[in-house]
$ cat query07.txt   # compact mmCIF, C-alpha atoms
# COMPACT_ATOMS: atom_id res chain seq x y z
CA LYS A 1 -5.24 9.32 14.28
CA ASN A 2 -7.70 7.82 16.80
CA VAL A 3 -5.32 4.92 17.52
CA ASN A 4 -2.05 6.91 17.20
CA LEU A 5 -0.63 5.31 14.05
CA VAL A 6 1.91 6.49 11.46
CA ARG A 7 2.04 5.21 7.88
CA VAL A 8 4.89 2.98 6.66
CA SER A 9 5.46 1.26 3.32
CA ALA A 10 4.58 -2.42 3.03
CA PRO A 11 6.19 -5.40 1.25
CA MET A 12 4.57 -7.01 -1.80
CA PHE A 13 6.19 -10.38 -1.07
CA LEU A 14 7.85 -12.21 1.83
CA SER A 15 10.37 -15.03 2.13
CA LYS A 16 8.70 -18.39 2.73
CA THR A 17 11.40 -19.45 5.22
CA SER A 18 10.99 -16.30 7.33
CA GLY A 19 7.57 -17.26 8.69
CA PHE A 20 6.45 -13.65 8.23
CA ASN A 21 3.40 -14.47 6.09
CA ASP A 22 -0.01 -14.85 7.72
CA ASN A 23 -1.11 -18.52 7.65
CA LEU A 24 -4.85 -17.69 7.90
CA ASN A 25 -6.51 -21.06 8.62
CA GLY A 26 -3.42 -23.04 7.66
CA VAL A 27 -4.82 -24.60 4.48
CA GLU A 28 -4.80 -21.71 1.99
CA ARG A 29 -2.22 -21.68 -0.82
CA PRO A 30 -0.04 -18.55 -1.05
CA ALA A 31 0.84 -17.17 -4.48
CA THR A 32 4.49 -18.23 -4.68
CA PHE A 33 7.33 -17.52 -7.10
CA ALA A 34 11.13 -17.64 -7.38
CA PRO A 35 13.32 -14.81 -8.67
CA ARG A 36 14.72 -15.67 -12.10
CA ASP A 37 18.36 -15.91 -10.93
CA PHE A 38 17.60 -17.47 -7.53
CA GLN A 39 15.41 -20.47 -8.21
CA ASP A 40 16.05 -21.97 -4.77
CA VAL A 41 14.43 -18.94 -3.11
CA LYS A 42 10.67 -19.03 -2.55
CA LEU A 43 8.83 -15.75 -2.17
CA GLU A 44 5.15 -15.45 -1.20
CA VAL A 45 2.62 -12.72 -1.87
CA PRO A 46 1.19 -12.00 1.60
CA PHE A 47 -2.29 -12.95 2.75
CA SER A 48 -1.99 -10.17 5.32
CA LEU A 49 0.83 -8.47 7.20
CA ALA A 50 -0.25 -9.61 10.68
CA LYS A 51 3.24 -10.88 11.54
CA TRP A 52 5.32 -8.50 9.43
CA LYS A 53 3.81 -5.46 11.19
CA ARG A 54 4.90 -6.75 14.58
CA TRP A 55 8.42 -7.14 13.28
CA ALA A 56 8.20 -3.62 11.79
CA LEU A 57 7.44 -2.16 15.22
CA HIS A 58 10.66 -3.79 16.46
CA TYR A 59 12.62 -2.73 13.36
CA TYR A 60 11.52 0.92 13.59
CA ASP A 61 11.83 0.89 17.40
CA VAL A 62 8.29 2.21 17.83
CA PRO A 63 7.59 2.98 21.53
CA ALA A 64 4.61 1.66 23.50
CA GLY A 65 1.46 3.65 22.81
CA GLN A 66 2.30 4.23 19.15
CA GLY A 67 1.87 2.08 16.03
CA VAL A 68 2.08 1.76 12.27
CA VAL A 69 -0.44 1.44 9.45
CA THR A 70 0.24 0.19 5.92
CA ASP A 71 -1.52 0.32 2.57
CA MET A 72 -1.43 -3.46 2.19
CA ARG A 73 -1.92 -5.38 -1.07
CA GLY A 74 -2.11 -9.16 -1.32
CA LEU A 75 -3.58 -12.22 -3.02
CA ARG A 76 -5.75 -15.00 -1.58
CA CYS A 77 -5.97 -17.69 -4.24
CA ASP A 78 -8.27 -19.91 -2.16
CA ASP A 79 -10.65 -17.22 -0.94
CA ASP A 80 -14.31 -17.15 -1.90
CA VAL A 81 -15.14 -15.21 -5.06
CA ASP A 82 -18.54 -13.66 -4.52
CA PHE A 83 -20.24 -10.32 -3.93
CA THR A 84 -18.21 -9.49 -0.79
CA HIS A 85 -14.97 -11.44 -1.41
CA SER A 86 -12.20 -11.15 -3.98
CA LEU A 87 -8.91 -12.86 -4.78
CA TYR A 88 -7.28 -9.44 -4.40
CA VAL A 89 -6.81 -8.08 -0.88
CA ASP A 90 -6.48 -4.38 -0.09
CA GLN A 91 -6.62 -3.22 3.49
CA PHE A 92 -5.36 -0.78 6.06
CA ASP A 93 -3.11 -3.17 7.98
CA TRP A 94 -2.20 -1.69 11.37
CA GLU A 95 -0.29 -2.67 14.49
CA LYS A 96 0.32 -0.87 17.79
CA HIS A 97 2.96 -1.44 20.45
CA ILE A 98 1.31 -1.94 23.86
CA ALA A 99 2.51 -2.65 27.39
CA GLN A 100 2.16 -6.11 28.90
CA GLU A 101 -0.48 -4.81 31.32
CA ASP A 102 -2.60 -3.71 28.35
CA ARG A 103 -3.26 -7.32 27.36
CA ASN A 104 -6.83 -7.21 28.62
CA GLU A 105 -10.45 -6.95 27.54
CA GLU A 106 -10.83 -3.28 28.50
CA TYR A 107 -7.92 -2.17 26.31
CA LEU A 108 -9.28 -4.18 23.39
CA GLU A 109 -12.76 -2.65 23.75
CA ASN A 110 -11.39 0.90 23.97
CA THR A 111 -9.38 0.35 20.79
CA VAL A 112 -12.46 -1.04 19.00
CA LYS A 113 -14.42 2.05 20.04
CA SER A 114 -11.69 4.34 18.68
CA ILE A 115 -11.75 2.59 15.31
CA TYR A 116 -15.52 2.45 15.16
CA SER A 117 -15.86 6.17 15.90
CA ALA A 118 -13.73 6.84 12.80
CA LEU A 119 -16.11 4.66 10.75
CA VAL A 120 -19.12 6.63 12.01
CA GLU A 121 -17.40 9.93 11.22
CA THR A 122 -16.46 8.70 7.75
CA GLU A 123 -20.01 7.62 6.99
CA LYS A 124 -21.32 11.03 7.99
CA MET A 125 -18.81 12.67 5.63
CA VAL A 126 -19.97 10.39 2.79
CA GLU A 127 -23.56 11.34 3.53
CA ALA A 128 -22.72 15.05 3.41
CA GLU A 129 -20.73 14.73 0.18
CA TYR A 130 -22.74 12.15 -1.78
CA GLY A 131 -26.14 11.98 -0.12
CA VAL A 132 -25.83 8.32 0.96
CA LYS A 133 -27.92 8.09 4.12
CA ALA A 134 -25.86 7.25 7.21
CA VAL A 135 -27.13 4.15 9.04
CA LEU A 136 -24.45 3.26 11.59
CA PRO A 137 -25.43 3.67 15.26
CA GLU A 138 -23.29 6.02 17.35
CA GLU A 139 -22.11 3.16 19.59
CA ILE A 140 -20.93 -0.36 18.81
CA THR A 141 -22.28 -3.34 20.80
CA PHE A 142 -19.92 -5.99 22.18
CA ILE A 143 -21.03 -9.60 21.78
CA SER A 144 -19.24 -12.67 23.16
CA SER A 145 -19.11 -15.43 20.55
CA ASP A 146 -19.26 -17.93 23.43
CA GLU A 147 -22.47 -16.42 24.83
CA ALA A 148 -23.98 -16.13 21.35
CA LEU A 149 -23.27 -19.83 20.78
CA LYS A 150 -24.93 -20.77 24.08
CA ALA A 151 -27.97 -18.61 23.31
CA HIS A 152 -28.37 -19.89 19.73
CA PRO A 153 -26.66 -23.31 19.44
CA ASP A 154 -28.71 -24.34 16.41
CA LEU A 155 -27.68 -21.33 14.31
CA SER A 156 -24.55 -21.21 12.14
CA PRO A 157 -21.89 -18.56 12.92
CA LYS A 158 -23.12 -16.46 9.99
CA GLU A 159 -26.72 -16.75 11.16
CA ARG A 160 -25.71 -15.61 14.65
CA GLU A 161 -23.85 -12.65 13.16
CA ASN A 162 -26.91 -11.73 11.10
CA LEU A 163 -29.15 -11.94 14.16
CA TYR A 164 -27.07 -9.61 16.32
CA CYS A 165 -26.08 -7.21 13.53
CA GLU A 166 -29.68 -6.66 12.46
CA LYS A 167 -30.66 -6.02 16.07
CA HIS A 168 -27.83 -3.65 17.01
CA GLY A 169 -26.59 -2.21 13.69
CA ALA A 170 -22.92 -2.65 14.58
CA VAL A 171 -21.28 -5.29 16.78
CA PHE A 172 -17.86 -6.50 17.81
CA PHE A 173 -17.96 -10.29 17.95
CA MET A 174 -15.34 -11.10 20.59
CA GLY A 175 -13.52 -14.43 20.76
CA ILE A 176 -12.73 -15.75 17.26
CA GLY A 177 -10.69 -18.92 16.78
CA GLY A 178 -10.36 -22.26 18.51
CA ASN A 179 -12.69 -25.25 18.62
CA LYS A 180 -15.68 -26.33 20.67
CA GLU A 181 -15.57 -29.51 22.75
CA ASP A 182 -16.88 -31.49 19.75
CA GLY A 183 -13.90 -30.38 17.65
CA GLU A 184 -15.89 -28.02 15.44
CA LEU A 185 -14.93 -24.35 15.12
CA ARG A 186 -16.32 -22.20 17.93
CA HIS A 187 -17.14 -19.38 15.53
CA ASP A 188 -14.52 -18.93 12.80
CA GLY A 189 -10.91 -19.89 12.21
CA ARG A 190 -7.81 -17.96 13.27
CA ALA A 191 -4.15 -18.85 12.92
CA PRO A 192 -2.44 -19.84 16.19
CA ASP A 193 0.45 -17.38 15.97
CA TYR A 194 -0.98 -13.88 15.87
CA ASP A 195 -4.35 -13.30 17.62
CA ASP A 196 -4.84 -14.48 21.21
CA TRP A 197 -7.97 -16.66 21.22
CA ILE A 198 -7.46 -18.65 24.46
CA THR A 199 -7.00 -16.06 27.25
CA PRO A 200 -10.04 -16.14 29.59
CA ARG A 201 -12.31 -13.09 29.77
CA ALA A 202 -14.43 -11.86 32.69
CA CYS A 203 -17.65 -13.01 30.99
CA GLY A 204 -16.46 -16.60 30.96
CA GLY A 205 -15.51 -16.65 27.28
CA THR A 206 -12.01 -16.83 25.86
CA GLY A 207 -10.01 -14.75 23.43
CA LEU A 208 -8.81 -11.14 23.20
CA ASN A 209 -9.75 -10.68 19.56
CA GLY A 210 -12.78 -10.31 17.32
CA ASP A 211 -14.47 -8.86 14.24
CA ILE A 212 -16.16 -5.52 13.65
CA LEU A 213 -19.43 -6.30 11.86
CA VAL A 214 -22.18 -3.96 10.66
CA TRP A 215 -25.64 -4.51 9.25
CA ASN A 216 -25.65 -3.94 5.50
CA PRO A 217 -29.04 -2.40 4.57
CA LEU A 218 -28.64 -3.22 0.87
CA LEU A 219 -27.51 -6.84 1.19
CA LYS A 220 -29.67 -7.45 4.28
CA GLN A 221 -26.92 -9.30 6.14
CA SER A 222 -23.98 -8.83 8.49
CA PHE A 223 -20.96 -7.29 6.83
CA GLU A 224 -17.40 -7.64 8.16
CA ILE A 225 -15.36 -4.45 8.18
CA SER A 226 -12.38 -5.46 10.29
CA SER A 227 -10.67 -8.39 11.99
CA MET A 228 -8.42 -7.46 14.90
CA GLY A 229 -7.14 -8.39 18.32
CA ILE A 230 -4.48 -8.39 20.98
CA ARG A 231 -1.63 -10.55 19.75
CA VAL A 232 -0.11 -13.63 21.32
CA ASN A 233 2.68 -13.45 23.85
CA PRO A 234 5.24 -16.29 23.92
CA GLU A 235 3.23 -18.37 26.42
CA VAL A 236 -0.05 -18.04 24.53
CA MET A 237 1.57 -18.74 21.16
CA GLU A 238 3.16 -21.95 22.40
CA LYS A 239 -0.21 -23.16 23.72
CA GLN A 240 -2.07 -22.26 20.52
CA LEU A 241 0.59 -23.81 18.27
CA ASP A 242 0.30 -27.01 20.31
CA LEU A 243 -3.51 -26.99 20.09
CA CYS A 244 -3.31 -26.68 16.31
CA GLY A 245 -0.48 -29.17 15.84
CA ASN A 246 1.82 -26.49 14.41
CA ASN A 247 4.80 -26.76 16.74
CA ASP A 248 7.10 -26.97 13.70
CA ARG A 249 6.59 -23.23 13.18
CA LYS A 250 8.72 -22.55 16.25
CA GLU A 251 11.77 -23.10 14.04
CA LEU A 252 10.89 -20.18 11.75
CA ILE A 253 12.69 -16.85 12.15
CA TRP A 254 9.64 -14.80 13.14
CA HIS A 255 8.50 -17.30 15.77
CA GLN A 256 11.99 -17.49 17.30
CA MET A 257 12.03 -13.69 17.57
CA LEU A 258 8.73 -13.76 19.43
CA LEU A 259 9.72 -16.60 21.73
CA ASP A 260 13.03 -14.96 22.71
CA GLY A 261 11.33 -11.63 23.52
CA THR A 262 12.69 -9.64 20.56
CA LEU A 263 9.26 -8.68 19.25
CA PRO A 264 7.10 -6.26 21.28
CA GLN A 265 3.63 -6.94 22.67
CA THR A 266 1.03 -5.58 20.25
CA ILE A 267 -2.57 -5.14 19.21
CA GLY A 268 -3.44 -4.99 15.53
CA GLY A 269 -5.78 -5.78 12.69
CA GLY A 270 -6.89 -5.03 9.16
CA ILE A 271 -9.66 -2.85 7.73
CA GLY A 272 -10.71 -3.87 4.23
CA GLN A 273 -10.49 -0.89 1.90
CA SER A 274 -12.71 -2.17 -0.91
CA ARG A 275 -15.08 -3.73 1.62
CA LEU A 276 -15.35 -0.38 3.41
CA CYS A 277 -16.00 1.45 0.13
CA GLN A 278 -18.61 -1.14 -0.83
CA PHE A 279 -20.47 -0.50 2.41
CA MET A 280 -20.13 3.29 2.44
CA LEU A 281 -21.37 3.61 -1.17
CA ARG A 282 -24.04 0.88 -0.76
CA CYS A 283 -22.73 -1.22 -3.64
CA ALA A 284 -24.19 -4.68 -4.24
CA HIS A 285 -20.87 -6.24 -5.32
CA ILE A 286 -17.28 -5.64 -4.31
CA GLY A 287 -16.38 -5.57 -8.01
CA GLU A 288 -18.14 -2.21 -8.27
CA VAL A 289 -15.29 -0.61 -6.29
CA GLN A 290 -12.37 -2.96 -7.05
CA HIS A 291 -10.73 -4.32 -10.19
CA GLY A 292 -10.78 -8.10 -9.80
CA TRP A 293 -11.81 -11.39 -11.40
CA TYR A 294 -15.28 -12.78 -10.70
CA ASN A 295 -17.52 -15.68 -11.68
CA PRO A 296 -18.55 -15.03 -15.33
CA GLU A 297 -22.06 -16.33 -14.68
CA GLU A 298 -22.38 -13.95 -11.74
CA VAL A 299 -21.12 -11.08 -13.90
CA ASP A 300 -23.74 -11.83 -16.57
CA PHE A 301 -26.48 -12.01 -13.95
CA LEU A 302 -25.45 -8.67 -12.46
CA LYS A 303 -25.64 -7.05 -15.88
CA THR A 304 -29.33 -8.00 -16.06
CA LYS A 305 -29.72 -5.98 -12.83
CA ASN A 306 -27.78 -3.01 -14.28
CA VAL A 307 -24.80 -3.69 -12.00
CA ASP A 308 -21.51 -3.26 -13.88
CA LEU A 309 -18.20 -4.43 -12.42
CA LEU A 310 -14.85 -2.73 -12.92
CA GLY A 311 -12.15 -3.86 -15.31
CA LEU A 312 -11.34 -7.56 -15.22
CA GLY A 313 -14.74 -8.31 -13.77
CA GLU A 314 -15.96 -8.05 -17.38
CA PHE A 315 -13.74 -10.83 -18.77
$ encode --input "query07.txt" --output "structure tokens"
Amino acid sequence: KNVNLVRVSAPMFLSKTSGFNDNLNGVERPATFAPRDFQDVKLEVPFSLAKWKRWALHYYDVPAGQGVVTDMRGLRCDDDVDFTHSLYVDQFDWEKHIAQEDRNEEYLENTVKSIYSALVETEKMVEAEYGVKAVLPEEITFISSDEALKAHPDLSPKERENLYCEKHGAVFFMGIGGNKEDGELRHDGRAPDYDDWITPRACGGTGLNGDILVWNPLLKQSFEISSMGIRVNPEVMEKQLDLCGNNDRKELIWHQMLLDGTLPQTIGGGIGQSRLCQFMLRCAHIGEVQHGWYNPEEVDFLKTKNVDLLGLGEF
């Protein structure tokens, strides 16, 4: 409601040749299968619907200022399996049609504030219903990953996130993706064909994207709730594909539709459902709110702490 979205159904698999699947960092393996009677067809369970949603806005002819949200389900076979990560992905995947003039830092920040205000309201409702003390500050703080790197060059990205999240309670780390001059990641990885991570900002940093992070009082660390950003236009995508050595993707259907102007300009992201529940209910492990598979040794250890995981987490 805060971002003016309507719900649409989401696909459980995508054609490999379409280019509609999210490539994440470009090295993760998608769960792939072929229909029994069409063995030459390769279908992939999505990592996220970052690209599909943009196509959906075109398909449904959604006007500028409005967007869609899906109840997305996916698999990430190469993801970490720990207390905040799972092989199973469930998230509110959303995308909004915007005008070309809205591709700027101010529009991004206003959208972040709209989403964050919903998180604050939700936490207050949980407190009223279940007695879980609300801890989120009323306002979110915006942090440039470039400035954070300059201020704390000896800290890892996670350590920088912990530092700022503990200080402010909730932050939006702006500018995710791309490498430093030494070739190492600036902060974290992003695929070259959805978020814009090269457009200059007024502060001197680059990128019109970022992560919503909060301080988790139980785990005593930063806790990612959402990854989002203004998406690439044709010019930015070509530059980012070239930087990442992925120019071959231009031959895929989705990329051709973006390059020829068929797909609209958008802003979008994902909000982890299980991750959000884990934070709101102050659970120590994501398996307390989600049926998944987890490290058996970790499961046994958690039992000694009276932490029981759901379903498959027991086997």
$ atom_distance --input "query07.txt" --atom1 "atom CA of Lys133 of chain A" --atom2 "atom CA of Ser274 of chain A"
19.0 Å
$ residues_around --input "query07.txt" --residues "Leu5 of chain A" --least-positions-apart "6" --cutoff "9 Å" --atoms "only C-alpha atoms" --output "compact mmCIF listing (two decimals) with C-alpha atoms, in the frame of the given file"
# COMPACT_ATOMS: atom_id res chain seq x y z
CA GLN A 66 2.30 4.23 19.15
CA GLY A 67 1.87 2.08 16.03
CA VAL A 68 2.08 1.76 12.27
CA VAL A 69 -0.44 1.44 9.45
CA TRP A 94 -2.20 -1.69 11.37
CA GLU A 95 -0.29 -2.67 14.49
CA LYS A 96 0.32 -0.87 17.79
$ residues_around --input "query07.txt" --residues "Glu123 of chain A" --least-positions-apart "6" --cutoff "8 Å" --atoms "all atoms listed in the file" --output "list in words"
Ala134, Leu136 and Met280 of chain A
$ residues_around --input "query07.txt" --residues "Val236 of chain A" --least-positions-apart "5" --cutoff "9 Å" --atoms "all atoms listed in the file" --output "MDAnalysis selection string"
chainID A and resid 192:193 196:199 241
$ atom_distance --input "query07.txt" --atom1 "atom CA of Asn209 of chain A" --atom2 "atom CA of Asp82 of chain A"
25.8 Å
$ atom_distance --input "query07.txt" --atom1 "atom CA of Val299 of chain A" --atom2 "atom CA of Leu213 of chain A"
26.3 Å
$ closest_residue --input "query07.txt" --among "A:Gly178, A:Glu127, A:Tyr59, A:Leu309" --to "Gly292 of chain A" --atoms "only C-alpha atoms"
A:Leu309
$ residues_around --input "query07.txt" --residues "Lys220 of chain A" --least-positions-apart "4" --cutoff "12 Å" --atoms "only C-alpha atoms" --output "compact mmCIF listing (two decimals) with C-alpha atoms, in the frame of the given file"
# COMPACT_ATOMS: atom_id res chain seq x y z
CA GLU A 159 -26.72 -16.75 11.16
CA GLU A 161 -23.85 -12.65 13.16
CA ASN A 162 -26.91 -11.73 11.10
CA LEU A 163 -29.15 -11.94 14.16
CA CYS A 165 -26.08 -7.21 13.53
CA GLU A 166 -29.68 -6.66 12.46
CA LYS A 167 -30.66 -6.02 16.07
CA GLY A 169 -26.59 -2.21 13.69
CA VAL A 214 -22.18 -3.96 10.66
CA TRP A 215 -25.64 -4.51 9.25
CA ASN A 216 -25.65 -3.94 5.50
CA PHE A 279 -20.47 -0.50 2.41
CA ARG A 282 -24.04 0.88 -0.76
CA ALA A 284 -24.19 -4.68 -4.24
$ closest_residue --input "query07.txt" --among "A:Ser114, A:Gln100, A:Thr141, A:Thr122" --to "Gly261 of chain A" --atoms "only C-alpha atoms"
A:Gln100
$ closest_residue --input "query07.txt" --among "A:Arg231, A:Arg201, A:Pro296, A:Ser156" --to "Ala99 of chain A" --atoms "all atoms listed in the file"
A:Arg231
$ closest_residue --input "query07.txt" --among "A:Arg160, A:Phe38, A:Asn104, A:Glu129" --to "Gln221 of chain A" --atoms "only C-alpha atoms"
A:Arg160
$ closest_residue --input "query07.txt" --among "A:Gly229, A:Gly175, A:Pro157, A:Pro46" --to "Thr111 of chain A" --atoms "all atoms listed in the file"
A:Gly229
$ closest_residue --input "query07.txt" --among "A:Met12, A:Ala34, A:Ile271, A:Ala56" --to "Trp254 of chain A" --atoms "only C-alpha atoms"
A:Ala56
$ residues_near_point --input "query07.txt" --point "(-16.4, -3.1, 20.1)" --cutoff "7 Å" --atoms "all atoms listed in the file" --output "VMD selection string"
chain A and resid 109 112 to 113 140 to 142 171 to 172 212
